[in-house]
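What follows is a set of notes on a single structure, which appears directly below.
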Amino acid sequence: MRFIGSVIEKLQRHPKRIVFPEGAEPRVLQAARQFYSLRLGAPILLGDRTKIKEVAQALNVSLGGIRIINPAESEDLENFAHRFEVLRRSKGMKATEAREAMTQPNYFGAMMVAMHQADGFVSGTNHISGSVLRPLFQIIKVAPQTKTASSCQIMEVEDGRFGENGVLLMGDCGVIPDPTVEELADIAISTAQLARQLLGVRPRVALLSFSTKGSATHPSIGKVQAATALAQKNAREQNVEADFDGELQVDAAIVPEIAARKLPDSQVAGKANVLIFPDLNSGNIASKLVRHIARANAYGQILLGMDRPAADVSRGSNAHDILGVAAIVGVQSISYADLFPGAGATLPGE
């Protein structure tokens, strides 16, 4: 709670509008209620108004201060559908197909954020990742000066010796199955930038492997080594203030005693607050292990590199998790163009 409390304080100073496409989901309703009660901004629920009111009444959750929009009845439906049809015309999309898509909350919510009618998007409690990511990639897309869209999980564990007082950012745990050297370097820099924004400290980024500085040989190790060097180079060119080291085994990255034996001169080893995984297998497995075995507070997936702030939450998330993700997405939006230059400058279909 220490970490998310600091995020909430930041957002209270700059309240934002967050759209939740799964408006009738009880956990989302509870999170939206807390979002408004904590003065974080204006929550927007999408879905059938009658159904949302019924669920809220059954939960004894007040809808005061919460905006409800039924995409099928919205005055923006035709405009949104036209813009989506223009976006996807080269893919053969017809006007009727675009209109049908825009009646679906994830598509409508993505268009709301793209049109600056909301500052951030949070979905996924009842949808597989593809159903959340597909509308985002079709409508919001990757930020103009960014090549790689990825994601990160933010973990808060009880033991403050790990990471930054118990907080670790882990990427990529949800988007790219087998990143290239260039993508891995981009993931490292994007995650470092988010760490700097949320934690207010210099990111210490460990690019992970099953090897520490050549203790084993394998093509996958070479990829991590090359990505580390590229991340260091690109960070210098982009004026991103962060330390990068790799390839590192995870114990060398986060345990000071082990790092002292293996890499006594490293600026990262033993005190990493950002962990970058070599592929989605390792990232997804590790993040779920930490969440459940360490009983960590887990917030994610926070999407990185997109033209607007968004998150794809786990179907196992509770209301507190969803609230935390919404607060993080809100804080991202405060200075989003600093994270991803050029983001938000254009509207879809123009």
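Chain labels follow the order of the structure tokens: the first chain is A, the next B, and so on; residue numbering restarts at 1 in every chain, and ligands are counted from 1 in their shown order.
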
Would you list, as a PyMOL selection string, the residues of segment 101-281 of chain A that end up in strand (DSSP E or B) under DSSP run on this structure's backbone? chain A and resi 120-123+142+150-156+164+167-171+204-208+243-248+274-276

Just-selected residues, C-alpha atoms written as a compact mmCIF listing (two decimals), in the first residue's frame:
```txt
# COMPACT_ATOMS: atom_id res chain seq x y z
CA GLY A 120 -6.99 6.46 -19.87
CA PHE A 121 -8.46 3.00 -20.54
CA VAL A 122 -8.65 0.03 -18.14
CA SER A 123 -10.16 -3.31 -19.18
CA VAL A 142 1.84 2.84 -31.16
CA SER A 150 4.96 -3.65 -24.60
CA SER A 151 3.71 -3.95 -21.03
CA CYS A 152 4.88 -4.16 -17.46
CA GLN A 153 3.67 -5.46 -14.14
CA ILE A 154 4.33 -3.45 -11.00
CA MET A 155 4.89 -5.60 -7.93
CA GLU A 156 4.87 -4.42 -4.34
CA GLU A 164 12.72 0.26 -4.50
CA VAL A 167 8.50 -2.11 -5.50
CA LEU A 168 9.67 -3.81 -8.71
CA LEU A 169 8.67 -3.06 -12.30
CA MET A 170 8.70 -6.17 -14.51
CA GLY A 171 8.56 -6.14 -18.30
CA ARG A 204 18.29 0.50 -12.05
CA VAL A 205 17.44 -1.85 -14.88
CA ALA A 206 18.52 -5.51 -14.96
CA LEU A 207 18.15 -7.42 -18.23
CA LEU A 208 17.68 -10.98 -17.03
CA ASP A 243 21.44 2.47 -15.29
CA PHE A 244 21.28 -0.74 -17.35
CA ASP A 245 23.15 -3.99 -16.76
CA GLY A 246 22.90 -7.49 -18.18
CA GLU A 247 22.94 -10.30 -18.69
CA LEU A 248 22.11 -11.02 -15.03
CA VAL A 274 13.34 -2.78 -12.92
CA LEU A 275 13.53 -6.37 -14.20
CA ILE A 276 13.44 -7.03 -17.95
```

Write out as a PyMOL selection string the residues lying within 6 Å of Leu45 of chain A, counting only C-alpha atoms and excluding same-chain residues fewer than 4 positions away. chain A and resi 20+23+68

Could you take the residues named above and write them with C-alpha atoms, as a PDB file, in the first residue's frame?
```
ATOM      1  CA  PHE A  20     -13.854   1.183 -17.807  1.00  0.00           C
ATOM      2  CA  GLY A  23     -19.154  -1.369 -16.512  1.00  0.00           C
ATOM      3  CA  ILE A  68     -22.450   5.696 -17.521  1.00  0.00           C
TER       4      ILE A  68
END
```

From the options A:Ile334, A:Lys147, A:Val290, A:Ala216, which residue's atoms come nearest to Gln12 of chain A, counting only C-alpha atoms? A:Ile334

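Reported to one decimal place, the separation of atom CA of Gln249 of chain A from atom CA of Thr212 of chain A is 5.3 Å.
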
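In terms of minimum interatomic distance to Gly324 of chain A, A:Ala298 ranks closest within A:Ile52, A:Leu46, A:Ala298, A:Leu289, counting only C-alpha atoms.
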
Given only C-alpha atoms as the counted atoms, nearest of A:Val240, A:Pro105, A:Lys213, A:Gly200 to Val7 of chain A: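 Smallest separation from Val7 of chain A among the options: A:Gly200.
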
Using only C-alpha atoms, which protein or nucleic acid residues come within 10 Å of Arg308 of chain A? Drop anything in the same chain fewer than 3 positions from it, and give the result as a CSV table (one decimal) with N, CA, C and O atoms, in the first residue's frame.
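Saved to result-v8.csv:
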```csv
chain,number,residue,atom,x,y,z
A,110,ALA,N,-11.8,2.4,-26.4
A,110,ALA,CA,-10.5,2.8,-27.1
A,110,ALA,C,-10.7,4.1,-27.9
A,110,ALA,O,-9.8,4.9,-27.9
A,113,VAL,N,-10.7,7.2,-25.7
A,113,VAL,CA,-9.4,7.7,-25.3
A,113,VAL,C,-8.7,8.3,-26.5
A,113,VAL,O,-8.0,9.3,-26.3
A,114,ALA,N,-8.8,7.7,-27.6
A,114,ALA,CA,-8.2,8.2,-28.8
A,114,ALA,C,-8.7,9.6,-29.2
A,114,ALA,O,-8.0,10.5,-29.7
A,115,MET,N,-10.0,9.9,-28.9
A,115,MET,CA,-10.6,11.2,-29.2
A,115,MET,C,-10.5,12.2,-28.0
A,115,MET,O,-11.1,13.2,-28.0
A,116,HIS,N,-9.7,11.8,-27.0
A,116,HIS,CA,-9.5,12.7,-25.8
A,116,HIS,C,-10.8,12.9,-25.0
A,116,HIS,O,-10.9,13.9,-24.3
A,118,ALA,N,-11.6,10.7,-22.8
A,118,ALA,CA,-11.1,10.0,-21.6
A,118,ALA,C,-9.6,10.1,-21.6
A,118,ALA,O,-9.0,10.2,-22.7
A,119,ASP,N,-9.0,10.1,-20.4
A,119,ASP,CA,-7.6,10.2,-20.3
A,119,ASP,C,-6.8,8.8,-20.2
A,119,ASP,O,-5.6,8.8,-20.4
A,120,GLY,N,-7.6,7.8,-20.0
A,120,GLY,CA,-7.0,6.5,-19.9
A,120,GLY,C,-8.0,5.4,-20.0
A,120,GLY,O,-9.2,5.6,-19.8
A,121,PHE,N,-7.6,4.1,-20.2
A,121,PHE,CA,-8.5,3.0,-20.5
A,121,PHE,C,-8.0,1.8,-19.7
A,121,PHE,O,-6.8,1.5,-19.6
A,136,LEU,N,-7.2,-1.7,-29.0
A,136,LEU,CA,-6.2,-0.7,-28.7
A,136,LEU,C,-5.2,-0.5,-29.9
A,136,LEU,O,-4.9,0.6,-30.3
A,140,ILE,N,-5.8,3.0,-31.2
A,140,ILE,CA,-4.9,3.9,-30.6
A,140,ILE,C,-3.5,3.8,-31.2
A,140,ILE,O,-2.8,4.8,-31.4
A,141,LYS,N,-3.1,2.6,-31.4
A,141,LYS,CA,-1.8,2.2,-32.1
A,141,LYS,C,-0.6,2.7,-31.2
A,141,LYS,O,-0.7,3.1,-30.1
A,142,VAL,N,0.6,2.5,-31.8
A,142,VAL,CA,1.8,2.8,-31.2
A,142,VAL,C,2.1,4.3,-31.3
A,142,VAL,O,1.8,5.0,-32.3
A,143,ALA,N,2.7,4.9,-30.3
A,143,ALA,CA,3.1,6.4,-30.3
A,143,ALA,C,4.0,6.7,-31.5
A,143,ALA,O,4.8,5.8,-31.9
A,303,LEU,N,0.3,-0.8,-20.2
A,303,LEU,CA,0.8,-0.9,-21.6
A,303,LEU,C,1.8,0.3,-21.8
A,303,LEU,O,1.5,1.4,-21.3
A,304,LEU,N,2.8,0.0,-22.5
A,304,LEU,CA,3.9,1.0,-22.7
A,304,LEU,C,4.1,1.2,-24.2
A,304,LEU,O,4.0,0.2,-25.0
A,305,GLY,N,4.3,2.4,-24.6
A,305,GLY,CA,4.6,2.7,-26.0
A,305,GLY,C,3.4,3.0,-26.9
A,305,GLY,O,3.5,3.3,-28.1
A,329,VAL,N,-2.5,4.4,-14.5
A,329,VAL,CA,-2.8,4.9,-15.8
A,329,VAL,C,-3.1,6.4,-15.8
A,329,VAL,O,-2.7,7.2,-16.6
A,332,GLN,N,0.2,8.2,-15.4
A,332,GLN,CA,0.8,8.2,-16.7
A,332,GLN,C,0.4,9.3,-17.5
A,332,GLN,O,1.1,10.0,-18.2
A,333,SER,N,-1.0,9.6,-17.6
A,333,SER,CA,-1.5,10.6,-18.5
A,333,SER,C,-1.2,12.0,-18.1
A,333,SER,O,-1.3,12.9,-18.9
A,336,TYR,N,2.1,12.3,-20.2
A,336,TYR,CA,2.3,11.2,-21.1
A,336,TYR,C,3.2,11.5,-22.3
A,336,TYR,O,4.0,10.6,-22.7
A,337,ALA,N,3.2,12.7,-22.8
A,337,ALA,CA,4.0,13.1,-24.0
A,337,ALA,C,5.5,13.1,-23.6
A,337,ALA,O,6.4,13.0,-24.4
A,340,PHE,N,6.4,9.4,-24.0
A,340,PHE,CA,6.3,9.0,-25.4
A,340,PHE,C,6.1,10.2,-26.3
A,340,PHE,O,4.9,10.6,-26.5
A,343,ALA,N,2.9,11.5,-28.6
A,343,ALA,CA,1.7,10.8,-28.3
A,343,ALA,C,0.5,11.7,-28.1
A,343,ALA,O,0.6,12.8,-27.6
A,344,GLY,N,-0.6,11.3,-28.6
A,344,GLY,CA,-1.9,12.1,-28.5
A,344,GLY,C,-2.0,13.2,-29.4
A,344,GLY,O,-3.0,14.0,-29.2
A,345,ALA,N,-1.1,13.4,-30.4
A,345,ALA,CA,-1.2,14.6,-31.2
A,345,ALA,C,-2.2,14.5,-32.3
A,345,ALA,O,-2.6,15.6,-32.8
```

Using Å and a single decimal, report how far atom CA of Leu194 of chain A sits from atom CA of Ser209 of chain A.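 According to the coordinates, atom CA of Ser209 of chain A and atom CA of Leu194 of chain A are separated by 22.1 Å.
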
Taking only C-alpha atoms into account, which of A:Ile187, A:Ser74, A:Gly65, A:Glu257 comes nearest Ala149 of chain A? A:Ile187

Quick one: distance from atom CA of Ala188 of chain A to atom CA of Thr228 of chain A in Å, one decimal? 8.4 Å
